[in-house]
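Engineer: One structure, as structure tokens, below. Some questions next.
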Amino acid sequence: MVRLSRGGSTEERGAVAVLVALIAVVLLMSASLVIDLGLARDVRGRAQNAADASALAAGNVLYDAAGRPQIAAATDAARAYAADNFDVAEAAWGGCKDDGHLDYAPDSQCISFDDAERPSRVRVRIPRREVKTALAGLVGVSELHISARATATVDPGVVFKCSLCVLGEGPHTLGNGDATVTASSVHFNGSVSTGPNGHVEAIGDGNEITVEKSATGNYSPAAEKVSKKMGDPLGGWAMPAPYGAPRTNPCTDGPGVYGDATLGNKDTCTLAPGLYVLTGTWSMGNKTVLKGTGVTIYAACGTRTAPTRCAPGQQGGAFDATNSNGVTLTAGAPGFGDLAIVYDRNNSRVLNIQGNGETTINGTIYALSSLLYANGNSGNQVNSGSIIVDSLYMNGQNSHLIVTNGIDREWRVPPSGLHLAD
């Protein structure tokens, strides 16, 4: 009779027990990793939300209402949002490192900007945080390192400043004339060119010449291309409707509404203070000298007895100093501020300030839809004002246009398009 041994069964039960123990350890380790990695993923998500919010908050205050960059305010906003959303302590930023930081990081590598003068991107890296593991220490993982980053992008817009503002589509041709602006800047929409002897200059620290499309010829400083078109810097001004009693002779009748008129002939015509509305053309007699203080000349449409605003593209009244022997006007009509010569915004007639003698305007020339003709061999000067026109034509070897202590007219394209870049 053969007896079967039970020793094999005992050995099998022992092996199973060892295997179960090993599996239990693996399952425990796996469970610990799942739990701790889940915790880490939750913390990582909170860190990313904080980075996103901080970058957007910084971008939202990166520029003030005047279009000036506010690096310090953006940095403070990023820190505040990181503290609110992820409890980031102020001290954590000091030693924070970011190998991918942008070019300008004045306070911490972890809050950086792509440019100090005109930033369009801000990057925030949340300072690294160590998350202690609950069970993963069983496999030698005692802590997990958590961080997150985000970059916000914004179109910084542009702030145009000029006291010689040429706003039409162009091309603008200055020929051999010289345009010189002191203590202010110059801007051309469209393209502009000068002749070989022509020159455009903006004198004074920080003053510049900007052009929307292209500039050829002579400029000092060099013309800088901008990507946007400048709008009407006086667009917010409510232009008054033309008004006044019908008049005939501006040299004797004083303020009022005029049709076609010829001012003197070898005489001096002195305008009394007030508003002169032109529905026709004022032309200078041969060698006439025109003077006036506290005067605004307003070229509108309609008739002498029924002046009106102009429709788009309509040709209205005009000022023509071609034959004069000198013009000196100082602004001051009530309701027109510093405007000495103003055309209705839609009036497309030419404004001719060039005569046989010097033209001096103390105040602003505003002719948004008109060509300013400053051709010839004498000069034109604007003091304590600005020039805002659709186009400008100059030529002649001695032709010059000078703006002295001009009033900077501003037009802004505000910052826009704030969004996360990655």
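Scheme for the structure tokens: letters A, B, ... for chains in order shown; per-chain residue numbers from 1; ligand numbers from 1 in order shown.
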According to DSSP computed on the backbone, where in region 102-207 of chain A is there strand (DSSP E)? Give the residues as number ranges by chain.
Structural biologist: A: 104-108, 111-113, 121-132, 143-155, 158-162, 164-166, 172-173, 178-182, 186-188, 191-193, 199-203
Engineer: Run DSSP on the backbone and give me the residues of region 72-174 of chain A it puts in helix (DSSP H, G or I), as a list in words.
Structural biologist: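 Of region 72-174 of chain A, the ones in helix (DSSP H, G or I) are Ala72, Ala73, Ala74, Thr75, Asp76, Ala77, Ala78, Arg79, Ala80, Tyr81, Ala82, Ala83, Asp84, Asn85, Phe86, Glu90, Ala91, Ala92, Trp93, Ala136, Gly137, Leu138 and Val139 of chain A.
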Engineer: Using only C-alpha atoms, pick whichever of A:Gly292, A:Gly195, A:Pro414, A:Gly406 has the shortest atom-to-atom distance to Phe160 (chain A).
Structural biologist: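 For Phe160 (chain A), the nearest of the candidates is A:Pro414.
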Engineer: Using only C-alpha atoms, which of the listed residues (A:Ala261, A:Cys310, A:Leu102, A:Met230) sits closest to Val159 (chain A)?
Structural biologist: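 Closest residue, counting only C-alpha atoms: A:Met230.
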Engineer: Considering only C-alpha atoms, tabulate each residue of region 220-242 of chain A that lies at most 12 Å from region 177-193 of chain A along with its nearest interatomic pair and the corresponding distance in Å to one decimal; arrange the rows by chain and ascending residue number and present them as a Markdown table.
Structural biologist:
```
| residue | atom | partner | partner_atom | distance |
| --- | --- | --- | --- | --- |
| A:Ser220 | CA | A:Thr180 | CA | 9.5 |
| A:Pro221 | CA | A:Ser185 | CA | 10.2 |
| A:Ala222 | CA | A:Val186 | CA | 11.3 |
| A:Ala223 | CA | A:His187 | CA | 9.0 |
| A:Glu224 | CA | A:His187 | CA | 9.4 |
| A:Lys225 | CA | A:Phe188 | CA | 9.7 |
| A:Val226 | CA | A:Asn189 | CA | 9.4 |
| A:Ser227 | CA | A:Asn189 | CA | 10.2 |
| A:Lys228 | CA | A:Asn189 | CA | 8.6 |
| A:Lys229 | CA | A:Asn189 | CA | 5.9 |
| A:Met230 | CA | A:Asn189 | CA | 6.6 |
| A:Gly231 | CA | A:Asn189 | CA | 9.0 |
| A:Asp232 | CA | A:Asn189 | CA | 11.2 |
| A:Pro233 | CA | A:His187 | CA | 11.6 |
```
Engineer: Mind writing the picked residues with N, CA and C atoms as a tab-separated table (two decimals), in the first residue's frame?
Structural biologist:
```tsv
chain	number	residue	atom	x	y	z
A	220	SER	N	15.02	114.19	-38.48
A	220	SER	CA	15.85	114.22	-37.29
A	220	SER	C	14.96	114.43	-36.05
A	221	PRO	N	14.86	113.44	-35.15
A	221	PRO	CA	15.48	112.12	-35.22
A	221	PRO	C	14.86	111.28	-36.34
A	222	ALA	N	15.42	110.11	-36.58
A	222	ALA	CA	14.92	109.24	-37.63
A	222	ALA	C	13.45	108.93	-37.40
A	223	ALA	N	12.68	108.93	-38.49
A	223	ALA	CA	11.25	108.64	-38.39
A	223	ALA	C	11.05	107.20	-37.93
A	224	GLU	N	10.16	107.03	-36.97
A	224	GLU	CA	9.88	105.71	-36.39
A	224	GLU	C	8.52	105.24	-36.86
A	225	LYS	N	8.47	104.04	-37.40
A	225	LYS	CA	7.20	103.49	-37.89
A	225	LYS	C	6.37	102.97	-36.73
A	226	VAL	N	5.09	103.31	-36.72
A	226	VAL	CA	4.15	102.77	-35.74
A	226	VAL	C	3.12	101.94	-36.48
A	227	SER	N	2.50	101.02	-35.78
A	227	SER	CA	1.64	100.05	-36.46
A	227	SER	C	0.18	100.49	-36.56
A	228	LYS	N	-0.15	101.64	-36.00
A	228	LYS	CA	-1.54	102.07	-35.98
A	228	LYS	C	-1.67	103.47	-36.56
A	229	LYS	N	-2.88	103.79	-36.97
A	229	LYS	CA	-3.19	105.11	-37.51
A	229	LYS	C	-3.67	106.02	-36.38
A	230	MET	N	-3.23	107.26	-36.41
A	230	MET	CA	-3.67	108.23	-35.42
A	230	MET	C	-5.02	108.80	-35.83
A	231	GLY	N	-5.92	108.95	-34.86
A	231	GLY	CA	-7.20	109.58	-35.10
A	231	GLY	C	-7.18	111.05	-34.74
A	232	ASP	N	-8.32	111.68	-34.75
A	232	ASP	CA	-8.44	113.11	-34.49
A	232	ASP	C	-8.19	113.41	-33.02
A	233	PRO	N	-7.11	114.10	-32.67
A	233	PRO	CA	-6.86	114.38	-31.25
A	233	PRO	C	-7.85	115.36	-30.65
```
Engineer: Do you know which residues are at most 8 Å from region 251-259 of chain A counting only C-alpha atoms, after dropping those on the same chain fewer than 4 positions away, and could you put them as a ChimeraX atom specification?
Structural biologist: /A:243-247,263-264,269-282,303-305,307,317
Engineer: Name the residues in contact with Val342 (chain A) at a cut-off of 7 Å, using only C-alpha atoms, excluding same-chain residues fewer than 2 positions from it; report them as a JSON list (two decimals) with all heavy atoms, in the first residue's frame.
Structural biologist:
```json
[["chain", "number", "residue", "atom", "x", "y", "z"],
["A", 297, "ILE", "N", -10.74, 132.38, -36.93],
["A", 297, "ILE", "CA", -11.32, 132.29, -38.27],
["A", 297, "ILE", "C", -11.85, 130.87, -38.45],
["A", 297, "ILE", "O", -11.11, 129.90, -38.31],
["A", 297, "ILE", "CB", -10.27, 132.63, -39.34],
["A", 297, "ILE", "CG1", -9.85, 134.09, -39.20],
["A", 297, "ILE", "CG2", -10.80, 132.35, -40.74],
["A", 297, "ILE", "CD1", -8.71, 134.49, -40.12],
["A", 298, "TYR", "N", -13.15, 130.77, -38.74],
["A", 298, "TYR", "CA", -13.85, 129.48, -38.78],
["A", 298, "TYR", "C", -14.44, 129.29, -40.17],
["A", 298, "TYR", "O", -15.40, 129.97, -40.56],
["A", 298, "TYR", "CB", -14.94, 129.51, -37.70],
["A", 298, "TYR", "CG", -15.82, 128.28, -37.57],
["A", 298, "TYR", "CD1", -15.53, 127.08, -38.21],
["A", 298, "TYR", "CD2", -16.94, 128.33, -36.76],
["A", 298, "TYR", "CE1", -16.34, 125.97, -38.05],
["A", 298, "TYR", "CE2", -17.77, 127.23, -36.60],
["A", 298, "TYR", "CZ", -17.46, 126.05, -37.24],
["A", 298, "TYR", "OH", -18.27, 124.95, -37.09],
["A", 299, "ALA", "N", -13.86, 128.38, -40.96],
["A", 299, "ALA", "CA", -14.33, 128.13, -42.32],
["A", 299, "ALA", "C", -15.38, 127.03, -42.31],
["A", 299, "ALA", "O", -15.07, 125.86, -42.05],
["A", 299, "ALA", "CB", -13.15, 127.74, -43.22],
["A", 339, "LEU", "N", -7.73, 127.82, -30.69],
["A", 339, "LEU", "CA", -7.86, 127.69, -32.14],
["A", 339, "LEU", "C", -7.85, 129.06, -32.81],
["A", 339, "LEU", "O", -8.72, 129.89, -32.56],
["A", 339, "LEU", "CB", -9.14, 126.94, -32.51],
["A", 339, "LEU", "CG", -9.21, 125.49, -32.03],
["A", 339, "LEU", "CD1", -10.58, 124.91, -32.32],
["A", 339, "LEU", "CD2", -8.13, 124.67, -32.70],
["A", 340, "ALA", "N", -6.87, 129.29, -33.68],
["A", 340, "ALA", "CA", -6.79, 130.56, -34.40],
["A", 340, "ALA", "C", -7.43, 130.44, -35.78],
["A", 340, "ALA", "O", -8.18, 131.32, -36.20],
["A", 340, "ALA", "CB", -5.33, 130.99, -34.55],
["A", 344, "ASP", "N", -14.28, 123.55, -40.47],
["A", 344, "ASP", "CA", -15.21, 122.49, -40.11],
["A", 344, "ASP", "C", -14.56, 121.13, -40.40],
["A", 344, "ASP", "O", -13.82, 120.98, -41.38],
["A", 344, "ASP", "CB", -16.50, 122.64, -40.92],
["A", 344, "ASP", "CG", -17.54, 121.60, -40.54],
["A", 344, "ASP", "OD1", -17.45, 120.46, -41.05],
["A", 344, "ASP", "OD2", -18.44, 121.93, -39.76],
["A", 365, "ILE", "N", -3.83, 125.67, -35.64],
["A", 365, "ILE", "CA", -4.48, 125.51, -36.94],
["A", 365, "ILE", "C", -5.12, 124.12, -36.97],
["A", 365, "ILE", "O", -4.42, 123.11, -36.77],
["A", 365, "ILE", "CB", -3.48, 125.66, -38.09],
["A", 365, "ILE", "CG1", -2.90, 127.08, -38.12],
["A", 365, "ILE", "CG2", -4.12, 125.31, -39.42],
["A", 365, "ILE", "CD1", -1.77, 127.26, -39.12],
["A", 366, "TYR", "N", -6.43, 124.07, -37.20],
["A", 366, "TYR", "CA", -7.16, 122.79, -37.20],
["A", 366, "TYR", "C", -7.99, 122.70, -38.47],
["A", 366, "TYR", "O", -8.95, 123.44, -38.65],
["A", 366, "TYR", "CB", -8.04, 122.72, -35.96],
["A", 366, "TYR", "CG", -8.90, 121.47, -35.84],
["A", 366, "TYR", "CD1", -8.32, 120.21, -35.72],
["A", 366, "TYR", "CD2", -10.28, 121.56, -35.84],
["A", 366, "TYR", "CE1", -9.11, 119.08, -35.58],
["A", 366, "TYR", "CE2", -11.08, 120.43, -35.70],
["A", 366, "TYR", "CZ", -10.48, 119.19, -35.57],
["A", 366, "TYR", "OH", -11.27, 118.07, -35.45],
["A", 367, "ALA", "N", -7.59, 121.79, -39.36],
["A", 367, "ALA", "CA", -8.30, 121.61, -40.62],
["A", 367, "ALA", "C", -8.24, 120.12, -40.97],
["A", 367, "ALA", "O", -7.46, 119.69, -41.81],
["A", 367, "ALA", "CB", -7.69, 122.47, -41.72]]
```
Engineer: Find the residue from A:Gly59, A:Pro127, A:Pro119, A:Gly313 that sits nearest to Asp98 (chain A); use only C-alpha atoms when measuring.
Structural biologist: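 Among the listed residues, A:Pro127 lies closest to Asp98 (chain A).
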Engineer: I'd like the interatomic distance between CA of Leu418 (chain A) and CA of Arg41 (chain A), to a tenth of an Å.
Structural biologist: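 The value is 27.7 Å.
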Engineer: Go ahead and compute the interatomic distance for CA of Trp411 (chain A) and CA of Ala374 (chain A), in Å to one decimal.
Structural biologist: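 CA of Trp411 (chain A) sits 25.0 Å away from CA of Ala374 (chain A).
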Engineer: By how many Å are CA of Lys266 (chain A) and CA of Asn325 (chain A) apart?
Structural biologist: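 Taking CA of Lys266 (chain A) and CA of Asn325 (chain A), their separation equals 8.2 Å.
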